[in-house]
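K.L.:
Just passing along the structure, written as structure tokens.
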Amino acid sequence: MRIGGLQKLTLLDFPGHVACTVFLQGCNFRCPFCHNTSLVLGTDAVSETEILDFLKKRQGLLDGVAVTGGEPLLSAQIGTLLAKFKELGYRVKLDTNGSFPQRLRDLIERGLVDYVAMDIKNSREKYDLTAGASGFLPAVEESVTLLKQGLIPYEFRTTVVDELHEPKDFSAIGQWLSGAQAYYLQGFVDSGDILCAGLHAATKEKTELCRAEAARYLSNIQIRGIS
């Protein structure tokens with residue numbers, strides 16, 4: 001298990017919980033706007049023992065662990081790691097790009113994850129371009145269908161990038177995700193560690209137009225991270 005880092009406290013990453021965030025390394029996507037390039041391409045930085053020792057010391061102070069990446073489901077050992085978090089009494093939130101639906105289903109059925117946040121990169125027609133990888137759309141669609149069954153709480157989310165997204169894309173996304181529990185549009189931030197330079201956040205006005213298009217088909221849609 002390649003662990004890239006630990007954020008010791010977050011009040012934002014796991015809705016309704018005081019949590020820490022564990023960053024796993026490696027990803028099968030190459031999204032040009034990815035702000036965690038060092039996690040996608042990097043090497044180990046934190047040992048599993050360090051993470052578990054930290055969580056043991058924080059029992060009673062933290063109640064959740066947000067697991068992100070990279071792509072956490074890239075590793076076949078993800079279930080073993082999450083089981084250790086659960087054994088310590090923590091609730092687990094998982095971030096995923098949705099490209100491993102069978103692993104996602106297995107974790108849900110085993111009770112190893114309590115909340116899932118799944119990225120929706122773009123409309124189906126522009127998925128490969130925005131994900132920086134091809135051939136994953138059928139798996140992503142399967143994960144969408146799985147989460148929409150409502151077995152656990154979840155959200156879908158899209159990072160809006162000015163050069164990659166147009167309001168009409170969100171009409172298509174809204175139709176695709178119709179019936180979803182929650183959908184968030186979030187602002188792109190150039191962290192200085194992105195894969196491709198020259199990308200920009202969409203304006204607030206453009207993001208509002210994107211939200212309005214998706215809202216034609218979705219009832220619970222919000223904008224996050226744009227003031």
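How things are named: the first chain in the structure tokens is A, the next is B, and so on; residues count from 1 in each chain; ligands count from 1 in the order shown.
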Identify, on the basis of only C-alpha atoms, every residue whose closest approach to Ser134 of chain A does not exceed 12 Å; exclude the query and any residue fewer than 2 positions from it along the same chain; express the result as a PyMOL selection string.
P.N.:
chain A and resi 28-31+99+124-132+136-140
K.L.:
For the selection just defined, write its residues with N, CA, C and O atoms to a file, as a tab-separated table (two decimals), in the first residue's frame.
P.N.:
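To be explicit, this is the file written out as out-v4.tsv:
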```tsv
chain	number	residue	atom	x	y	z
A	28	ASN	N	-4.76	5.66	-12.14
A	28	ASN	CA	-4.86	5.19	-13.52
A	28	ASN	C	-5.38	6.26	-14.46
A	28	ASN	O	-5.47	6.03	-15.67
A	29	PHE	N	-5.77	7.42	-13.92
A	29	PHE	CA	-6.16	8.56	-14.75
A	29	PHE	C	-5.01	9.56	-14.80
A	29	PHE	O	-4.13	9.56	-13.93
A	30	ARG	N	-5.05	10.42	-15.79
A	30	ARG	CA	-4.08	11.51	-15.90
A	30	ARG	C	-4.83	12.80	-16.21
A	30	ARG	O	-4.59	13.46	-17.20
A	31	CYS	N	-5.74	13.16	-15.33
A	31	CYS	CA	-6.54	14.37	-15.53
A	31	CYS	C	-5.61	15.57	-15.64
A	31	CYS	O	-4.77	15.79	-14.74
A	99	SER	N	-13.46	3.91	-11.36
A	99	SER	CA	-12.99	3.00	-12.40
A	99	SER	C	-12.81	1.56	-11.92
A	99	SER	O	-12.41	0.69	-12.71
A	124	ARG	N	-20.25	12.11	-20.84
A	124	ARG	CA	-19.73	10.89	-21.44
A	124	ARG	C	-18.90	11.19	-22.68
A	124	ARG	O	-17.84	10.59	-22.91
A	125	GLU	N	-19.38	12.12	-23.50
A	125	GLU	CA	-18.73	12.41	-24.77
A	125	GLU	C	-17.31	12.98	-24.59
A	125	GLU	O	-16.45	12.78	-25.44
A	126	LYS	N	-17.07	13.64	-23.47
A	126	LYS	CA	-15.77	14.27	-23.24
A	126	LYS	C	-14.98	13.59	-22.13
A	126	LYS	O	-14.00	14.14	-21.63
A	127	TYR	N	-15.40	12.38	-21.76
A	127	TYR	CA	-14.80	11.75	-20.57
A	127	TYR	C	-13.32	11.44	-20.76
A	127	TYR	O	-12.48	11.78	-19.91
A	128	ASP	N	-12.97	10.81	-21.86
A	128	ASP	CA	-11.57	10.42	-22.07
A	128	ASP	C	-10.66	11.63	-22.08
A	128	ASP	O	-9.56	11.61	-21.49
A	129	LEU	N	-11.09	12.68	-22.74
A	129	LEU	CA	-10.28	13.91	-22.81
A	129	LEU	C	-10.04	14.47	-21.42
A	129	LEU	O	-8.91	14.84	-21.06
A	130	THR	N	-11.07	14.52	-20.61
A	130	THR	CA	-10.97	15.15	-19.29
A	130	THR	C	-10.25	14.26	-18.29
A	130	THR	O	-9.58	14.75	-17.38
A	131	ALA	N	-10.39	12.95	-18.44
A	131	ALA	CA	-9.71	12.02	-17.54
A	131	ALA	C	-8.26	11.77	-17.93
A	131	ALA	O	-7.49	11.22	-17.14
A	132	GLY	N	-7.90	12.16	-19.15
A	132	GLY	CA	-6.54	11.91	-19.62
A	132	GLY	C	-6.24	10.44	-19.81
A	132	GLY	O	-5.08	10.01	-19.79
A	136	PHE	N	-12.19	3.77	-19.81
A	136	PHE	CA	-12.70	3.59	-18.46
A	136	PHE	C	-14.18	3.93	-18.30
A	136	PHE	O	-14.75	3.69	-17.24
A	137	LEU	N	-14.79	4.51	-19.32
A	137	LEU	CA	-16.16	4.98	-19.17
A	137	LEU	C	-17.14	3.88	-18.76
A	137	LEU	O	-17.98	4.10	-17.88
A	138	PRO	N	-17.09	2.67	-19.35
A	138	PRO	CA	-18.03	1.62	-18.91
A	138	PRO	C	-17.92	1.31	-17.41
A	138	PRO	O	-18.93	1.11	-16.74
A	139	ALA	N	-16.69	1.30	-16.89
A	139	ALA	CA	-16.51	1.05	-15.45
A	139	ALA	C	-17.07	2.20	-14.63
A	139	ALA	O	-17.72	1.99	-13.59
A	140	VAL	N	-16.84	3.42	-15.08
A	140	VAL	CA	-17.38	4.59	-14.38
A	140	VAL	C	-18.90	4.55	-14.37
A	140	VAL	O	-19.54	4.80	-13.34
```
K.L.:
Which of chain A end up as strand (DSSP E) when DSSP is run on this backbone - answer as a ChimeraX atom specification?
P.N.:
/A:3-10,19-24,64-68,91-96,115-119,154-160,183-187,221-224
K.L.:
Could you dump the residues just selected with C-alpha atoms as a PDB file, in the first residue's frame?
P.N.:
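Written out: out-v1.pdb:
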```pdb
ATOM      1  CA  ILE A   3       0.708   6.013   1.329  1.00  0.00           C
ATOM      2  CA  GLY A   4       1.668   9.505   0.260  1.00  0.00           C
ATOM      3  CA  GLY A   5       0.677  11.604   3.233  1.00  0.00           C
ATOM      4  CA  LEU A   6      -1.540  12.376   6.207  1.00  0.00           C
ATOM      5  CA  GLN A   7      -3.554  15.488   7.015  1.00  0.00           C
ATOM      6  CA  LYS A   8      -4.078  15.233  10.736  1.00  0.00           C
ATOM      7  CA  LEU A   9      -7.312  17.214  10.950  1.00  0.00           C
ATOM      8  CA  THR A  10     -10.076  18.134   8.518  1.00  0.00           C
ATOM      9  CA  ALA A  19     -11.584  13.463  10.575  1.00  0.00           C
ATOM     10  CA  CYS A  20      -8.101  13.051   9.234  1.00  0.00           C
ATOM     11  CA  THR A  21      -7.241  12.499   5.581  1.00  0.00           C
ATOM     12  CA  VAL A  22      -5.018   9.692   4.315  1.00  0.00           C
ATOM     13  CA  PHE A  23      -3.539  10.187   0.846  1.00  0.00           C
ATOM     14  CA  LEU A  24      -2.797   7.086  -1.202  1.00  0.00           C
ATOM     15  CA  GLY A  64     -13.574   9.585  10.742  1.00  0.00           C
ATOM     16  CA  VAL A  65     -10.887   8.866   8.164  1.00  0.00           C
ATOM     17  CA  ALA A  66     -11.151  10.298   4.654  1.00  0.00           C
ATOM     18  CA  VAL A  67      -9.218   8.173   2.181  1.00  0.00           C
ATOM     19  CA  THR A  68      -8.211   9.898  -1.036  1.00  0.00           C
ATOM     20  CA  ARG A  91     -15.985   5.734  10.048  1.00  0.00           C
ATOM     21  CA  VAL A  92     -14.499   5.794   6.551  1.00  0.00           C
ATOM     22  CA  LYS A  93     -15.105   8.138   3.640  1.00  0.00           C
ATOM     23  CA  LEU A  94     -13.690   7.077   0.265  1.00  0.00           C
ATOM     24  CA  ASP A  95     -12.852   9.293  -2.701  1.00  0.00           C
ATOM     25  CA  THR A  96     -12.775   7.492  -6.053  1.00  0.00           C
ATOM     26  CA  TYR A 115     -19.557   7.449   2.565  1.00  0.00           C
ATOM     27  CA  VAL A 116     -18.336   7.672  -1.033  1.00  0.00           C
ATOM     28  CA  ALA A 117     -17.436  10.775  -3.025  1.00  0.00           C
ATOM     29  CA  MET A 118     -17.104   9.903  -6.714  1.00  0.00           C
ATOM     30  CA  ASP A 119     -15.644  12.250  -9.289  1.00  0.00           C
ATOM     31  CA  TYR A 154     -22.661   9.222  -1.406  1.00  0.00           C
ATOM     32  CA  GLU A 155     -22.060  12.258  -3.556  1.00  0.00           C
ATOM     33  CA  PHE A 156     -21.004  12.878  -7.123  1.00  0.00           C
ATOM     34  CA  ARG A 157     -18.810  15.879  -7.866  1.00  0.00           C
ATOM     35  CA  THR A 158     -17.218  17.658 -10.803  1.00  0.00           C
ATOM     36  CA  THR A 159     -14.284  20.059 -10.739  1.00  0.00           C
ATOM     37  CA  VAL A 160     -15.177  22.810 -13.200  1.00  0.00           C
ATOM     38  CA  TYR A 183     -24.101  16.464  -6.820  1.00  0.00           C
ATOM     39  CA  TYR A 184     -21.486  19.173  -6.272  1.00  0.00           C
ATOM     40  CA  LEU A 185     -19.719  21.495  -8.664  1.00  0.00           C
ATOM     41  CA  GLN A 186     -16.401  22.547  -7.206  1.00  0.00           C
ATOM     42  CA  GLY A 187     -13.900  25.185  -8.214  1.00  0.00           C
ATOM     43  CA  ILE A 221     -27.043  20.210  -6.585  1.00  0.00           C
ATOM     44  CA  GLN A 222     -24.702  22.719  -4.957  1.00  0.00           C
ATOM     45  CA  ILE A 223     -21.601  24.721  -5.734  1.00  0.00           C
ATOM     46  CA  ARG A 224     -18.635  24.149  -3.437  1.00  0.00           C
TER      47      ARG A 224
END
```
K.L.:
Name all residues at most 7 Å from Ile173 of chain A (count only C-alpha atoms; drop same-chain ones fewer than 3 positions away) and give them as a PyMOL selection string.
P.N.:
chain A and resi 122-123+169-170+176-177+214
K.L.:
Any chance you can output those residues with N, CA, C and O atoms as a PDB file, in the first residue's frame?
P.N.:
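Writing done, so here's again-v6.pdb:
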```
ATOM      1  N   ASN A 122     -16.619  14.600 -16.568  1.00  0.00           N
ATOM      2  CA  ASN A 122     -17.276  15.404 -17.593  1.00  0.00           C
ATOM      3  C   ASN A 122     -18.444  14.598 -18.146  1.00  0.00           C
ATOM      4  O   ASN A 122     -18.770  13.520 -17.632  1.00  0.00           O
ATOM      5  N   SER A 123     -19.047  15.099 -19.215  1.00  0.00           N
ATOM      6  CA  SER A 123     -20.076  14.326 -19.906  1.00  0.00           C
ATOM      7  C   SER A 123     -19.444  13.084 -20.513  1.00  0.00           C
ATOM      8  O   SER A 123     -18.212  13.002 -20.683  1.00  0.00           O
ATOM      9  N   ASP A 169     -22.302  20.724 -21.205  1.00  0.00           N
ATOM     10  CA  ASP A 169     -21.798  19.454 -20.670  1.00  0.00           C
ATOM     11  C   ASP A 169     -22.588  19.045 -19.430  1.00  0.00           C
ATOM     12  O   ASP A 169     -22.800  17.850 -19.179  1.00  0.00           O
ATOM     13  N   PHE A 170     -23.050  20.016 -18.679  1.00  0.00           N
ATOM     14  CA  PHE A 170     -23.725  19.725 -17.420  1.00  0.00           C
ATOM     15  C   PHE A 170     -25.189  19.348 -17.628  1.00  0.00           C
ATOM     16  O   PHE A 170     -25.793  18.715 -16.765  1.00  0.00           O
ATOM     17  N   TRP A 176     -27.500  12.085 -16.999  1.00  0.00           N
ATOM     18  CA  TRP A 176     -26.806  10.854 -16.632  1.00  0.00           C
ATOM     19  C   TRP A 176     -26.999  10.536 -15.149  1.00  0.00           C
ATOM     20  O   TRP A 176     -27.282   9.388 -14.779  1.00  0.00           O
ATOM     21  N   LEU A 177     -26.867  11.549 -14.301  1.00  0.00           N
ATOM     22  CA  LEU A 177     -26.914  11.331 -12.848  1.00  0.00           C
ATOM     23  C   LEU A 177     -28.310  11.490 -12.259  1.00  0.00           C
ATOM     24  O   LEU A 177     -28.474  11.425 -11.035  1.00  0.00           O
ATOM     25  N   ALA A 214     -27.429  21.498 -14.999  1.00  0.00           N
ATOM     26  CA  ALA A 214     -27.548  20.216 -14.299  1.00  0.00           C
ATOM     27  C   ALA A 214     -28.811  20.176 -13.444  1.00  0.00           C
ATOM     28  O   ALA A 214     -29.434  19.120 -13.273  1.00  0.00           O
TER      29      ALA A 214
END
```
K.L.:
Hey, which of A:Leu61, A:Glu109, A:Glu50, A:Gly179 ends up closest to Gly79 of chain A? Count only C-alpha atoms.
P.N.:
A:Glu109
K.L.:
In Å, how far is it from atom CA of Ile78 of chain A to atom CA of Val113 of chain A?
P.N.:
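So the two atoms, atom CA of Ile78 of chain A and atom CA of Val113 of chain A, lie 10.8 Å apart.
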K.L.:
Nearest to Leu218 of chain A: which of A:Ile152, A:Gln181, A:Leu199, A:Ile194 is it, counting only C-alpha atoms?
P.N.:
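Nearest candidate to Leu218 of chain A out of A:Ile152, A:Gln181, A:Leu199, A:Ile194: A:Gln181.
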K.L.:
Quick one: residues within 6 Å of segment 33-39 of chain A, only C-alpha atoms, excluding same-chain residues fewer than 4 positions away - as a short mmCIF file (atom, residue, chain, number, x, y, z; two decimals) with all heavy atoms, in the first residue's frame?
P.N.:
```
data_model
loop_
_atom_site.label_atom_id
_atom_site.label_comp_id
_atom_site.auth_asym_id
_atom_site.auth_seq_id
_atom_site.Cartn_x
_atom_site.Cartn_y
_atom_site.Cartn_z
N GLN A 25 -1.14 6.80 -2.94
CA GLN A 25 -0.44 7.16 -4.17
C GLN A 25 -0.82 6.27 -5.33
O GLN A 25 -1.28 5.15 -5.16
CB GLN A 25 1.07 7.10 -3.95
CG GLN A 25 1.56 8.17 -2.99
CD GLN A 25 3.06 8.25 -2.95
OE1 GLN A 25 3.75 7.37 -3.44
NE2 GLN A 25 3.58 9.31 -2.38
N GLY A 70 -4.45 10.62 -5.67
CA GLY A 70 -4.44 9.33 -6.32
C GLY A 70 -5.82 8.70 -6.41
O GLY A 70 -6.84 9.32 -6.26
N SER A 191 -2.85 24.38 -7.78
CA SER A 191 -2.04 24.17 -6.58
C SER A 191 -0.56 24.38 -6.83
O SER A 191 0.25 24.36 -5.90
CB SER A 191 -2.26 22.74 -6.05
OG SER A 191 -1.74 21.80 -6.99
N ASP A 193 0.97 22.18 -8.49
CA ASP A 193 1.40 20.78 -8.62
C ASP A 193 0.47 20.04 -9.57
O ASP A 193 0.16 18.88 -9.38
CB ASP A 193 1.38 20.11 -7.24
CG ASP A 193 2.01 18.72 -7.24
OD1 ASP A 193 2.91 18.47 -8.06
OD2 ASP A 193 1.58 17.88 -6.42
N ILE A 194 -0.02 20.76 -10.62
CA ILE A 194 -0.94 20.13 -11.55
C ILE A 194 -0.19 19.52 -12.72
O ILE A 194 0.95 19.88 -13.01
CB ILE A 194 -2.01 21.13 -12.05
CG1 ILE A 194 -1.37 22.25 -12.86
CG2 ILE A 194 -2.83 21.67 -10.90
CD1 ILE A 194 -2.39 23.14 -13.55
N LEU A 195 -0.86 18.59 -13.41
CA LEU A 195 -0.21 17.88 -14.51
C LEU A 195 0.01 18.78 -15.73
O LEU A 195 1.03 18.67 -16.41
CB LEU A 195 -1.06 16.67 -14.91
CG LEU A 195 -0.91 15.43 -14.04
CD1 LEU A 195 -1.89 14.35 -14.48
CD2 LEU A 195 0.51 14.89 -14.08
#
```
K.L.:
Where does DSSP see alpha helix (DSSP H) in segment 38-137 of chain A, if you list the residues as an NGL selection string?
P.N.:
:A and (38-41 or 48-57 or 78-87 or 101-109 or 127-131 or 137)
K.L.:
One number please: atom CA of Ser178 of chain A to atom CA of Leu147 of chain A, in Å, one decimal.
P.N.:
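Straight-line distance from atom CA of Ser178 of chain A to atom CA of Leu147 of chain A works out to 12.1 Å.
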K.L.:
Between atom CA of Glu141 of chain A and atom CA of Ala215 of chain A, measure the distance and give it in Å to one decimal.
P.N.:
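One can read the atom CA of Glu141 of chain A to atom CA of Ala215 of chain A distance as 20.0 Å.
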